[in-house]
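Asker: input.tsv (TSV, C-alpha atoms) pasted underneath:
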chain	number	residue	atom	x	y	z
L	1	MET	CA	-21.58	100.48	37.24
L	2	THR	CA	-24.72	98.93	38.79
L	3	ARG	CA	-26.33	100.99	41.51
L	4	LEU	CA	-27.67	99.06	44.53
L	5	LEU	CA	-29.80	100.78	47.19
L	6	LEU	CA	-29.52	99.81	50.84
L	7	ALA	CA	-32.87	100.89	52.27
L	8	SER	CA	-31.41	102.22	55.50
L	9	ARG	CA	-30.30	105.49	57.06
L	10	ASN	CA	-27.95	103.63	59.41
L	11	ALA	CA	-24.37	104.62	58.55
L	12	LYS	CA	-22.96	101.52	60.27
L	13	LYS	CA	-25.05	99.18	58.12
L	14	LEU	CA	-24.10	101.12	54.99
L	15	GLY	CA	-20.43	100.93	55.89
L	16	GLU	CA	-20.67	97.20	56.55
L	17	LEU	CA	-22.31	96.47	53.19
L	18	ARG	CA	-19.76	98.66	51.36
L	19	ARG	CA	-16.86	96.86	53.10
L	20	ILE	CA	-18.24	93.47	52.10
L	21	VAL	CA	-18.90	94.55	48.50
L	22	GLU	CA	-15.32	95.82	48.31
L	23	ALA	CA	-13.80	92.79	50.07
L	24	GLU	CA	-15.56	90.45	47.66
L	25	GLY	CA	-14.20	92.33	44.66
L	26	LEU	CA	-17.64	93.37	43.43
L	27	ALA	CA	-16.19	96.45	41.74
L	28	GLY	CA	-19.19	96.80	39.45
L	29	ILE	CA	-21.56	97.72	42.29
L	30	GLU	CA	-22.07	101.17	43.79
L	31	VAL	CA	-23.91	101.02	47.13
L	32	LEU	CA	-26.29	103.91	47.80
L	33	GLY	CA	-28.15	104.71	51.03
L	34	LEU	CA	-31.54	106.33	51.51
L	35	ALA	CA	-29.78	109.69	51.86
L	36	ASP	CA	-28.61	109.35	48.23
L	37	VAL	CA	-32.07	108.98	46.64
L	38	ASP	CA	-35.29	111.01	46.57
L	39	GLU	CA	-37.18	110.71	49.82
L	40	PHE	CA	-40.13	108.27	49.92
L	41	GLU	CA	-42.50	107.24	52.65
L	42	GLU	CA	-41.29	104.21	54.61
L	43	ALA	CA	-44.06	101.91	55.83
L	44	PRO	CA	-44.08	100.78	59.49
L	45	GLU	CA	-42.69	97.31	60.23
L	46	THR	CA	-45.83	95.32	60.82
L	47	ALA	CA	-44.82	91.78	59.74
L	48	PRO	CA	-44.75	89.06	62.41
L	49	ASP	CA	-41.26	87.93	61.36
L	50	PHE	CA	-37.91	89.40	60.27
L	51	GLU	CA	-38.27	88.01	56.73
L	52	GLY	CA	-41.58	89.78	56.16
L	53	ASN	CA	-40.26	93.15	57.31
L	54	ALA	CA	-37.04	92.91	55.28
L	55	LEU	CA	-38.94	91.94	52.14
L	56	ALA	CA	-41.52	94.70	52.59
L	57	LYS	CA	-38.79	97.32	53.00
L	58	ALA	CA	-36.88	96.07	49.94
L	59	ARG	CA	-40.07	96.01	47.81
L	60	ASP	CA	-41.03	99.52	48.88
L	61	ALA	CA	-37.56	100.77	47.96
L	62	VAL	CA	-37.72	99.15	44.51
L	63	ALA	CA	-41.19	100.60	43.91
L	64	ALA	CA	-40.04	104.09	44.90
L	65	THR	CA	-36.65	104.18	43.14
L	66	GLY	CA	-36.58	101.51	40.44
L	67	LEU	CA	-33.20	100.41	41.83
L	68	PRO	CA	-32.33	96.87	42.96
L	69	SER	CA	-32.65	97.25	46.72
L	70	VAL	CA	-31.40	95.55	49.85
L	71	ALA	CA	-33.14	95.84	53.23
L	72	ASP	CA	-32.56	94.15	56.52
L	73	ASP	CA	-34.54	93.42	59.65
L	74	SER	CA	-32.57	92.30	62.65
L	75	GLY	CA	-33.05	91.72	66.32
L	76	ILE	CA	-32.46	89.50	69.29
L	77	THR	CA	-34.48	86.40	70.13
L	78	VAL	CA	-34.40	85.44	73.81
L	79	ASP	CA	-35.20	81.83	74.65
L	80	ALA	CA	-36.88	82.61	77.99
L	81	LEU	CA	-39.10	85.17	76.21
L	82	ASN	CA	-40.28	82.63	73.57
L	83	GLY	CA	-38.08	84.27	70.94
L	84	MET	CA	-39.11	87.85	71.70
L	85	PRO	CA	-38.18	90.78	71.51
L	86	GLY	CA	-37.65	89.54	67.90
L	87	VAL	CA	-39.12	91.99	65.40
L	88	LEU	CA	-39.82	94.37	68.30
L	89	SER	CA	-36.18	94.51	69.44
L	90	ALA	CA	-35.72	98.22	68.69
L	91	ARG	CA	-39.05	99.17	70.31
L	92	TRP	CA	-39.36	96.58	73.10
L	93	SER	CA	-39.86	99.16	75.85
L	94	GLY	CA	-42.39	101.00	73.69
L	95	ARG	CA	-39.83	103.72	72.93
L	96	HIS	CA	-38.33	103.11	69.48
L	97	GLY	CA	-34.55	103.16	69.49
L	98	ASP	CA	-34.14	103.70	73.24
L	99	ASP	CA	-31.38	101.11	73.76
L	100	GLU	CA	-31.07	101.77	77.49
L	101	ALA	CA	-34.79	101.34	78.16
L	102	ASN	CA	-34.91	98.19	76.00
L	103	LEU	CA	-31.97	96.58	77.83
L	104	ASP	CA	-33.34	97.55	81.23
L	105	LEU	CA	-36.68	95.98	80.37
L	106	VAL	CA	-35.25	92.69	79.07
L	107	LEU	CA	-33.03	92.36	82.14
L	108	ALA	CA	-35.96	93.09	84.47
L	109	GLN	CA	-38.09	90.50	82.66
L	110	LEU	CA	-35.28	87.92	83.08
L	111	SER	CA	-34.57	88.73	86.73
L	112	ASP	CA	-36.12	85.44	87.95
L	113	THR	CA	-34.74	83.36	85.07
L	114	PRO	CA	-31.95	80.98	86.17
L	115	ASP	CA	-28.49	81.63	84.71
L	116	ASP	CA	-28.58	78.39	82.71
L	117	ARG	CA	-31.70	79.51	80.81
L	118	MET	CA	-30.34	82.84	79.49
L	119	GLY	CA	-29.84	81.60	75.90
L	120	ALA	CA	-30.38	84.08	73.07
L	121	ALA	CA	-29.53	84.67	69.42
L	122	PHE	CA	-29.00	87.71	67.26
L	123	VAL	CA	-30.82	87.27	63.95
L	124	SER	CA	-30.38	89.28	60.77
L	125	THR	CA	-32.56	88.82	57.73
L	126	VAL	CA	-31.56	90.56	54.52
L	127	ALA	CA	-33.81	90.82	51.48
L	128	LEU	CA	-32.71	91.71	47.95
L	129	ALA	CA	-35.47	92.78	45.57
L	130	HIS	CA	-35.06	93.49	41.84
L	131	PRO	CA	-37.16	95.74	39.62
L	132	ASP	CA	-38.12	92.62	37.61
L	133	GLY	CA	-39.84	91.19	40.72
L	134	THR	CA	-37.30	88.53	41.67
L	135	GLU	CA	-36.48	88.40	45.38
L	136	THR	CA	-33.95	86.73	47.62
L	137	VAL	CA	-34.01	86.52	51.43
L	138	VAL	CA	-31.10	85.29	53.56
L	139	ARG	CA	-30.86	84.80	57.31
L	140	GLY	CA	-27.84	84.91	59.61
L	141	GLU	CA	-27.91	83.78	63.24
L	142	TRP	CA	-25.44	84.29	66.07
L	143	ARG	CA	-26.08	82.16	69.17
L	144	GLY	CA	-25.00	83.08	72.68
L	145	HIS	CA	-26.39	83.99	76.07
L	146	LEU	CA	-27.32	87.15	77.95
L	147	VAL	CA	-25.54	88.49	81.01
L	148	ARG	CA	-27.14	90.69	83.67
L	149	GLU	CA	-24.54	93.50	83.64
L	150	ARG	CA	-23.65	95.62	80.62
L	151	ARG	CA	-20.05	95.35	79.38
L	152	GLY	CA	-18.33	97.12	76.47
L	153	THR	CA	-18.99	100.23	74.43
L	154	ASN	CA	-18.81	99.03	70.80
L	155	GLY	CA	-21.88	98.18	68.80
L	156	PHE	CA	-25.40	99.17	69.79
L	157	GLY	CA	-28.72	97.68	70.88
L	158	TYR	CA	-28.31	94.53	72.95
L	159	ASP	CA	-24.55	94.15	72.29
L	160	PRO	CA	-23.52	95.05	75.88
L	161	ILE	CA	-25.39	92.07	77.38
L	162	PHE	CA	-24.84	89.43	74.63
L	163	VAL	CA	-21.96	86.94	74.98
L	164	PRO	CA	-21.50	84.94	71.74
L	165	GLU	CA	-21.09	81.17	71.99
L	166	GLY	CA	-17.54	80.04	72.58
L	167	GLY	CA	-16.39	83.37	74.03
L	168	THR	CA	-16.44	85.33	77.25
L	169	ARG	CA	-16.60	88.92	75.96
L	170	THR	CA	-19.88	90.63	75.12
L	171	SER	CA	-20.35	91.62	71.51
L	172	ALA	CA	-19.91	95.24	72.64
L	173	GLU	CA	-16.37	94.25	73.72
L	174	LEU	CA	-15.46	92.94	70.24
L	175	SER	CA	-13.79	95.23	67.70
L	176	PRO	CA	-15.90	96.07	64.64
L	177	SER	CA	-13.80	93.77	62.45
L	178	GLU	CA	-14.02	90.89	64.95
L	179	LYS	CA	-17.77	91.39	65.04
L	180	ASP	CA	-18.18	91.61	61.23
L	181	ALA	CA	-16.40	88.27	60.87
L	182	VAL	CA	-18.86	86.31	63.01
L	183	SER	CA	-21.99	88.40	63.56
L	184	HIS	CA	-25.51	87.66	62.38
L	185	ARG	CA	-25.43	90.58	59.93
L	186	GLY	CA	-22.01	89.65	58.60
L	187	ARG	CA	-23.19	86.08	58.03
L	188	ALA	CA	-26.38	87.19	56.29
L	189	LEU	CA	-24.56	89.67	54.05
L	190	ARG	CA	-22.01	87.05	53.03
L	191	LEU	CA	-24.87	84.69	52.13
L	192	LEU	CA	-26.05	87.46	49.82
L	193	VAL	CA	-22.72	87.82	48.00
L	194	PRO	CA	-23.42	85.26	45.23
L	195	HIS	CA	-26.63	87.14	44.41
L	196	LEU	CA	-24.79	90.48	44.39
L	197	ARG	CA	-22.18	88.97	42.10
L	198	ALA	CA	-24.94	88.08	39.63
L	199	LEU	CA	-26.13	91.68	39.89
L	200	ALA	CA	-22.65	93.01	39.12
L	201	GLY	CA	-22.81	90.95	35.95
P	202	MET	CA	-63.67	67.70	107.44
P	203	THR	CA	-60.68	67.63	105.06
P	204	ARG	CA	-58.59	70.77	105.06
P	205	LEU	CA	-57.32	71.96	101.65
P	206	LEU	CA	-54.78	74.77	101.35
P	207	LEU	CA	-54.93	77.25	98.48
P	208	ALA	CA	-51.34	78.52	98.29
P	209	SER	CA	-52.35	82.12	97.62
P	210	ARG	CA	-52.87	85.39	99.47
P	211	ASN	CA	-55.29	86.60	96.81
P	212	ALA	CA	-58.74	86.98	98.38
P	213	LYS	CA	-60.44	86.84	94.96
P	214	LYS	CA	-58.88	83.48	94.13
P	215	LEU	CA	-59.78	82.14	97.59
P	216	GLY	CA	-63.36	83.32	97.19
P	217	GLU	CA	-63.60	81.73	93.74
P	218	LEU	CA	-62.34	78.33	94.97
P	219	ARG	CA	-64.68	78.46	97.99
P	220	ARG	CA	-67.68	79.28	95.74
P	221	ILE	CA	-66.88	76.35	93.46
P	222	VAL	CA	-66.34	73.94	96.35
P	223	GLU	CA	-69.71	75.00	97.77
P	224	ALA	CA	-71.52	74.97	94.42
P	225	GLU	CA	-70.29	71.42	93.76
P	226	GLY	CA	-71.59	70.23	97.12
P	227	LEU	CA	-68.14	69.32	98.42
P	228	ALA	CA	-69.26	69.87	102.01
P	229	GLY	CA	-66.40	67.78	103.40
P	230	ILE	CA	-63.71	70.27	102.30
P	231	GLU	CA	-62.60	73.35	104.21
P	232	VAL	CA	-60.56	75.72	102.02
P	233	LEU	CA	-57.73	77.56	103.82
P	234	GLY	CA	-55.53	80.34	102.46
P	235	LEU	CA	-51.92	81.17	103.26
P	236	ALA	CA	-53.15	83.60	105.91
P	237	ASP	CA	-54.61	80.61	107.82
P	238	VAL	CA	-51.36	78.61	108.16
P	239	ASP	CA	-47.91	79.22	109.63
P	240	GLU	CA	-45.83	81.43	107.36
P	241	PHE	CA	-43.28	79.72	105.10
P	242	GLU	CA	-40.88	81.01	102.51
P	243	GLU	CA	-42.38	81.09	99.01
P	244	ALA	CA	-39.91	80.39	96.21
P	245	PRO	CA	-39.77	82.76	93.20
P	246	GLU	CA	-41.60	81.61	90.07
P	247	THR	CA	-38.73	80.51	87.84
P	248	ALA	CA	-40.33	77.80	85.67
P	249	PRO	CA	-40.60	78.45	81.92
P	250	ASP	CA	-44.28	77.46	81.88
P	251	PHE	CA	-47.45	77.88	83.95
P	252	GLU	CA	-47.57	74.17	84.82
P	253	GLY	CA	-44.09	74.22	86.34
P	254	ASN	CA	-44.81	77.23	88.53
P	255	ALA	CA	-48.18	75.92	89.73
P	256	LEU	CA	-46.67	72.52	90.61
P	257	ALA	CA	-43.70	74.08	92.41
P	258	LYS	CA	-45.98	76.27	94.52
P	259	ALA	CA	-48.27	73.36	95.39
P	260	ARG	CA	-45.30	71.11	96.31
P	261	ASP	CA	-43.75	73.83	98.49
P	262	ALA	CA	-47.05	74.28	100.29
P	263	VAL	CA	-47.38	70.53	100.96
P	264	ALA	CA	-43.80	70.35	102.22
P	265	ALA	CA	-44.34	73.30	104.57
P	266	THR	CA	-47.79	72.41	105.91
P	267	GLY	CA	-48.47	68.70	105.32
P	268	LEU	CA	-51.86	69.70	103.86
P	269	PRO	CA	-53.15	68.78	100.41
P	270	SER	CA	-52.52	72.00	98.52
P	271	VAL	CA	-53.76	73.78	95.44
P	272	ALA	CA	-51.74	76.45	93.61
P	273	ASP	CA	-52.33	78.28	90.38
P	274	ASP	CA	-50.27	80.11	87.83
P	275	SER	CA	-52.13	82.23	85.36
P	276	GLY	CA	-51.47	84.83	82.73
P	277	ILE	CA	-52.15	86.07	79.27
P	278	THR	CA	-50.55	84.74	76.10
P	279	VAL	CA	-50.48	87.22	73.22
P	280	ASP	CA	-50.14	85.76	69.72
P	281	ALA	CA	-48.12	88.69	68.33
P	282	LEU	CA	-45.69	88.35	71.27
P	283	ASN	CA	-45.11	84.61	70.65
P	284	GLY	CA	-47.23	83.70	73.65
P	285	MET	CA	-45.64	86.16	76.05
P	286	PRO	CA	-46.15	87.78	78.60
P	287	GLY	CA	-47.12	84.23	79.70
P	288	VAL	CA	-45.50	83.35	83.02
P	289	LEU	CA	-44.27	86.95	83.25
P	290	SER	CA	-47.76	88.48	82.97
P	291	ALA	CA	-47.75	90.01	86.47
P	292	ARG	CA	-44.21	91.39	86.07
P	293	TRP	CA	-44.05	92.18	82.33
P	294	SER	CA	-42.99	95.79	82.84
P	295	GLY	CA	-40.39	94.68	85.38
P	296	ARG	CA	-42.60	95.96	88.23
P	297	HIS	CA	-44.42	93.02	89.82
P	298	GLY	CA	-48.14	93.58	90.13
P	299	ASP	CA	-48.18	97.01	88.47
P	300	ASP	CA	-51.22	96.38	86.25
P	301	GLU	CA	-51.18	99.84	84.69
P	302	ALA	CA	-47.51	99.62	83.67
P	303	ASN	CA	-47.99	96.08	82.33
P	304	LEU	CA	-50.99	97.08	80.19
P	305	ASP	CA	-49.25	100.22	78.92
P	306	LEU	CA	-46.23	98.15	77.88
P	307	VAL	CA	-48.21	95.44	76.05
P	308	LEU	CA	-50.23	98.08	74.19
P	309	ALA	CA	-47.05	99.97	73.24
P	310	GLN	CA	-45.46	96.74	71.99
P	311	LEU	CA	-48.56	96.04	69.87
P	312	SER	CA	-48.86	99.58	68.50
P	313	ASP	CA	-47.72	98.52	64.98
P	314	THR	CA	-49.59	95.18	65.05
P	315	PRO	CA	-52.60	95.16	62.70
P	316	ASP	CA	-56.05	94.84	64.33
P	317	ASP	CA	-56.57	91.38	62.82
P	318	ARG	CA	-53.48	89.99	64.58
P	319	MET	CA	-54.43	90.97	68.16
P	320	GLY	CA	-55.38	87.42	69.23
P	321	ALA	CA	-54.69	86.42	72.84
P	322	ALA	CA	-55.73	83.89	75.47
P	323	PHE	CA	-55.97	83.91	79.22
P	324	VAL	CA	-54.50	80.70	80.64
P	325	SER	CA	-54.87	79.31	84.14
P	326	THR	CA	-53.01	76.26	85.34
P	327	VAL	CA	-53.98	74.77	88.68
P	328	ALA	CA	-51.96	72.09	90.48
P	329	LEU	CA	-53.17	69.88	93.31
P	330	ALA	CA	-50.47	68.14	95.34
P	331	HIS	CA	-51.04	65.57	98.08
P	332	PRO	CA	-48.80	64.72	101.05
P	333	ASP	CA	-48.45	61.19	99.57
P	334	GLY	CA	-46.76	62.68	96.48
P	335	THR	CA	-49.58	62.33	93.97
P	336	GLU	CA	-50.13	65.39	91.81
P	337	THR	CA	-52.70	66.66	89.34
P	338	VAL	CA	-52.38	69.62	86.98
P	339	VAL	CA	-55.27	71.07	84.99
P	340	ARG	CA	-55.32	73.90	82.45
P	341	GLY	CA	-58.11	76.27	81.44
P	342	GLU	CA	-57.90	78.59	78.42
P	343	TRP	CA	-60.07	81.53	77.38
P	344	ARG	CA	-59.51	82.78	73.83
P	345	GLY	CA	-60.18	86.32	72.64
P	346	HIS	CA	-58.42	89.39	71.34
P	347	LEU	CA	-56.92	92.55	72.78
P	348	VAL	CA	-58.27	96.06	72.23
P	349	ARG	CA	-56.18	99.23	72.39
P	350	GLU	CA	-58.35	101.16	74.89
P	351	ARG	CA	-59.15	100.00	78.41
P	352	ARG	CA	-62.86	99.36	79.17
P	353	GLY	CA	-64.50	98.24	82.42
P	354	THR	CA	-63.54	98.18	86.08
P	355	ASN	CA	-64.16	94.59	87.18
P	356	GLY	CA	-61.38	92.03	87.42
P	357	PHE	CA	-57.70	92.91	87.40
P	358	GLY	CA	-54.57	92.49	85.30
P	359	TYR	CA	-55.26	92.47	81.57
P	360	ASP	CA	-59.08	92.25	81.92
P	361	PRO	CA	-59.70	95.84	80.68
P	362	ILE	CA	-58.17	95.11	77.25
P	363	PHE	CA	-59.29	91.47	76.72
P	364	VAL	CA	-62.45	90.77	74.69
P	365	PRO	CA	-63.44	87.09	74.95
P	366	GLU	CA	-64.37	85.23	71.77
P	367	GLY	CA	-67.98	85.58	70.76
P	368	GLY	CA	-68.53	88.79	72.74
P	369	THR	CA	-67.97	92.53	72.48
P	370	ARG	CA	-67.38	93.45	76.14
P	371	THR	CA	-63.96	93.24	77.77
P	372	SER	CA	-63.62	90.78	80.63
P	373	ALA	CA	-63.47	93.81	82.95
P	374	GLU	CA	-67.01	94.63	81.79
P	375	LEU	CA	-68.37	91.20	82.79
P	376	SER	CA	-69.88	90.65	86.23
P	377	PRO	CA	-67.89	88.32	88.53
P	378	SER	CA	-70.46	85.53	88.08
P	379	GLU	CA	-70.47	85.94	84.27
P	380	LYS	CA	-66.69	85.75	84.35
P	381	ASP	CA	-66.55	82.72	86.69
P	382	ALA	CA	-68.81	80.80	84.30
P	383	VAL	CA	-66.50	81.09	81.29
P	384	SER	CA	-63.07	82.28	82.45
P	385	HIS	CA	-59.78	80.40	82.27
P	386	ARG	CA	-59.63	80.04	86.05
P	387	GLY	CA	-63.26	78.93	86.31
P	388	ARG	CA	-62.61	76.30	83.64
P	389	ALA	CA	-59.45	75.05	85.32
P	390	LEU	CA	-61.06	74.89	88.76
P	391	ARG	CA	-64.02	72.95	87.39
P	392	LEU	CA	-61.62	70.46	85.79
P	393	LEU	CA	-60.20	69.99	89.27
P	394	VAL	CA	-63.58	69.19	90.86
P	395	PRO	CA	-63.47	65.38	90.33
P	396	HIS	CA	-60.09	65.33	92.08
P	397	LEU	CA	-61.42	67.43	94.96
P	398	ARG	CA	-64.39	65.09	95.25
P	399	ALA	CA	-61.99	62.17	95.74
P	400	LEU	CA	-60.26	64.25	98.42
P	401	ALA	CA	-63.56	64.88	100.23
P	402	GLY	CA	-63.95	61.12	100.39
In structure tokens, write the structure found in this file.

Answerer:
Amino acid sequence: MTRLLLASRNAKKLGELRRIVEAEGLAGIEVLGLADVDEFEEAPETAPDFEGNALAKARDAVAATGLPSVADDSGITVDALNGMPGVLSARWSGRHGDDEANLDLVLAQLSDTPDDRMGAAFVSTVALAHPDGTETVVRGEWRGHLVRERRGTNGFGYDPIFVPEGGTRTSAELSPSEKDAVSHRGRALRLLVPHLRALAG
Amino acid sequence: MTRLLLASRNAKKLGELRRIVEAEGLAGIEVLGLADVDEFEEAPETAPDFEGNALAKARDAVAATGLPSVADDSGITVDALNGMPGVLSARWSGRHGDDEANLDLVLAQLSDTPDDRMGAAFVSTVALAHPDGTETVVRGEWRGHLVRERRGTNGFGYDPIFVPEGGTRTSAELSPSEKDAVSHRGRALRLLVPHLRALAG
């Protein structure tokens, strides 16, 4: 059994990675979360891009635990905001993790933006770092547009105002399995599967 | 005497344009502000760039008054925010013209950004539109970096946290004449002088 650390305390992310590992038949891999290993200091996310933050988190986890480690950095890029909130998605309002304040702020900033310029994309970058120093980074994107009124109660973050391309429901109105199948994080994690398969030996 | 409309209610901008017109010896031009003409409806600033907003405001002013008209759109572009707040500088916090809230928000968003990635630039775009349809747009930039503590009481907007390149004082610590000589708006207005000279005949 190969142990793989997901450098996250987010139960939803842990569940998603475990579902994918199981669905892909990677029976040789046991996925651990940060709650399953000795505590270590997590550095702030200071990189200017998702890739840099994901890699830094994965490297820190390898250095602290000696385990092959996966870390992600995700967010929403809004066309009319030049790709921001981006790496600041979870702290856009200045209050880390305050989804309501972050949504309110983005919608206020877009209040004069015409409806046909509300394009956006969810982006997920996932890094896999090994104790031998090899590293892999994958990126999943999910294009769509923002709406001005929240709809739906699934998901978190910007899900209630994001309508994926080709649909009419917000991503907070999709079921978890519908979302896994097409979301940025689902896409990124599936891009990682060949590398996990190598890990499973 | 040729009348020229500055499509603004900002007394500081009006004063600056009048000083430049006088300093350049353009005695044939009388600069009016919006307070000096019949009221007309001003459209919201919906363009994705400074140039688009400045041009739209100048065109609207020509259409409403028949006078050659100057309009500006200005703001600050922060490197770590992909060039935002940009056209949203005056309404970044969602509250138009609330300088304190806008500064607080930018500083909160940059709280994890390393000191060596605090680069920023003030940008001023000025458009001149004529009743015959000819248009000119000029752009002035002023590079520098942001600091985390406000300093100085001159100016407005982001001046208290902007340190121009080559200096140590914030632009709110410069005197108005020091600022005019090197600022984004001063640069843009001086680029407009040859076109104003043609107007003065």

Asker: Which protein, DNA or RNA residues are at most 9 Å from (-55.5, 80.8, 105.0) in the file's coordinates when you count all atoms listed in the file, listed as a list in words?

Answerer: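 Within 9 Å of (-55.5, 80.8, 105.0), the protein and nucleic acid residues are Leu206, Leu207, Ala208, Ser209, Arg210, Leu215, Val232, Leu233, Gly234, Leu235, Ala236, Asp237 and Val238 of chain P.
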
Asker: Tell me, in Å to one decimal, how far atom CA of Ala188 of chain L is from atom CA of Arg148 of chain L.

Answerer: 27.6 Å

Asker: So how far away is atom CA of Ala108 of chain L from atom CA of Arg143 of chain L, in Å?

Answerer: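 Atom CA of Ala108 of chain L lies at a distance of 21.2 Å from atom CA of Arg143 of chain L.
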
Asker: I'd like the contact shell of Leu67 of chain L - 12 Å cut-off, only C-alpha atoms, skipping same-chain residues fewer than 3 positions apart - returned as a ChimeraX atom specification.

Answerer: /L:2-7,29-34,36-38,58-64,70,128-133,199

Asker: With C-alpha atoms retained, write the just-selected residues as a PDB file, in the frame of the given file.

Answerer:
ATOM      1  CA  THR L   2     -24.720  98.930  38.790  1.00  0.00           C
ATOM      2  CA  ARG L   3     -26.330 100.990  41.510  1.00  0.00           C
ATOM      3  CA  LEU L   4     -27.670  99.060  44.530  1.00  0.00           C
ATOM      4  CA  LEU L   5     -29.800 100.780  47.190  1.00  0.00           C
ATOM      5  CA  LEU L   6     -29.520  99.810  50.840  1.00  0.00           C
ATOM      6  CA  ALA L   7     -32.870 100.890  52.270  1.00  0.00           C
ATOM      7  CA  ILE L  29     -21.560  97.720  42.290  1.00  0.00           C
ATOM      8  CA  GLU L  30     -22.070 101.170  43.790  1.00  0.00           C
ATOM      9  CA  VAL L  31     -23.910 101.020  47.130  1.00  0.00           C
ATOM     10  CA  LEU L  32     -26.290 103.910  47.800  1.00  0.00           C
ATOM     11  CA  GLY L  33     -28.150 104.710  51.030  1.00  0.00           C
ATOM     12  CA  LEU L  34     -31.540 106.330  51.510  1.00  0.00           C
ATOM     13  CA  ASP L  36     -28.610 109.350  48.230  1.00  0.00           C
ATOM     14  CA  VAL L  37     -32.070 108.980  46.640  1.00  0.00           C
ATOM     15  CA  ASP L  38     -35.290 111.010  46.570  1.00  0.00           C
ATOM     16  CA  ALA L  58     -36.880  96.070  49.940  1.00  0.00           C
ATOM     17  CA  ARG L  59     -40.070  96.010  47.810  1.00  0.00           C
ATOM     18  CA  ASP L  60     -41.030  99.520  48.880  1.00  0.00           C
ATOM     19  CA  ALA L  61     -37.560 100.770  47.960  1.00  0.00           C
ATOM     20  CA  VAL L  62     -37.720  99.150  44.510  1.00  0.00           C
ATOM     21  CA  ALA L  63     -41.190 100.600  43.910  1.00  0.00           C
ATOM     22  CA  ALA L  64     -40.040 104.090  44.900  1.00  0.00           C
ATOM     23  CA  VAL L  70     -31.400  95.550  49.850  1.00  0.00           C
ATOM     24  CA  LEU L 128     -32.710  91.710  47.950  1.00  0.00           C
ATOM     25  CA  ALA L 129     -35.470  92.780  45.570  1.00  0.00           C
ATOM     26  CA  HIS L 130     -35.060  93.490  41.840  1.00  0.00           C
ATOM     27  CA  PRO L 131     -37.160  95.740  39.620  1.00  0.00           C
ATOM     28  CA  ASP L 132     -38.120  92.620  37.610  1.00  0.00           C
ATOM     29  CA  GLY L 133     -39.840  91.190  40.720  1.00  0.00           C
ATOM     30  CA  LEU L 199     -26.130  91.680  39.890  1.00  0.00           C
TER      31      LEU L 199
END

Asker: Please, which residues in chain L fall within 12 Å of chain P when counting only C-alpha atoms, and what is the closest atom pair and distance in Å to one decimal for each, ordered by chain then residue number, as CSV?

Answerer:
residue,atom,partner,partner_atom,distance
L:Ala43,CA,P:Asp313,CA,10.4
L:Pro44,CA,P:Asp313,CA,7.0
L:Glu45,CA,P:Asp313,CA,7.0
L:Thr46,CA,P:Asp313,CA,5.6
L:Ala47,CA,P:Thr314,CA,7.9
L:Pro48,CA,P:Ala281,CA,6.8
L:Asp49,CA,P:Ala281,CA,9.8
L:Asn53,CA,P:Asp313,CA,12.0
L:Thr77,CA,P:Asn283,CA,10.8
L:Val78,CA,P:Asn283,CA,11.2
L:Asp79,CA,P:Pro249,CA,9.7
L:Ala80,CA,P:Pro249,CA,6.8
L:Leu81,CA,P:Met285,CA,6.6
L:Asn82,CA,P:Asn283,CA,6.0
L:Gly83,CA,P:Asn283,CA,7.0
L:Met84,CA,P:Leu282,CA,6.6
L:Pro85,CA,P:Leu282,CA,7.9
L:Gly86,CA,P:Leu282,CA,8.8
L:Val87,CA,P:Leu282,CA,9.5
L:Leu88,CA,P:Gln310,CA,7.1
L:Ser89,CA,P:Gln310,CA,9.9
L:Ala90,CA,P:Gln310,CA,10.4
L:Arg91,CA,P:Gln310,CA,7.1
L:Trp92,CA,P:Gln310,CA,6.2
L:Ser93,CA,P:Leu306,CA,6.8
L:Gly94,CA,P:Ala309,CA,4.8
L:Arg95,CA,P:Ala309,CA,8.1
L:His96,CA,P:Gln310,CA,9.9
L:Ala101,CA,P:Ser294,CA,11.0
L:Asn102,CA,P:Ser294,CA,10.9
L:Leu103,CA,P:Gly295,CA,11.5
L:Asp104,CA,P:Gly295,CA,8.7
L:Leu105,CA,P:Gly295,CA,6.4
L:Val106,CA,P:Gly295,CA,8.4
L:Leu107,CA,P:Gly295,CA,8.4
L:Ala108,CA,P:Gly295,CA,4.8
L:Gln109,CA,P:Gly295,CA,5.5
L:Leu110,CA,P:Gly295,CA,8.8
L:Ser111,CA,P:Gly295,CA,8.4
L:Asp112,CA,P:Thr247,CA,5.6
L:Thr113,CA,P:Thr247,CA,5.6
L:Pro114,CA,P:Thr247,CA,7.0
L:Asp115,CA,P:Thr247,CA,10.8
L:Asp116,CA,P:Thr247,CA,11.6
L:Arg117,CA,P:Pro249,CA,9.0
L:Met118,CA,P:Pro249,CA,11.4
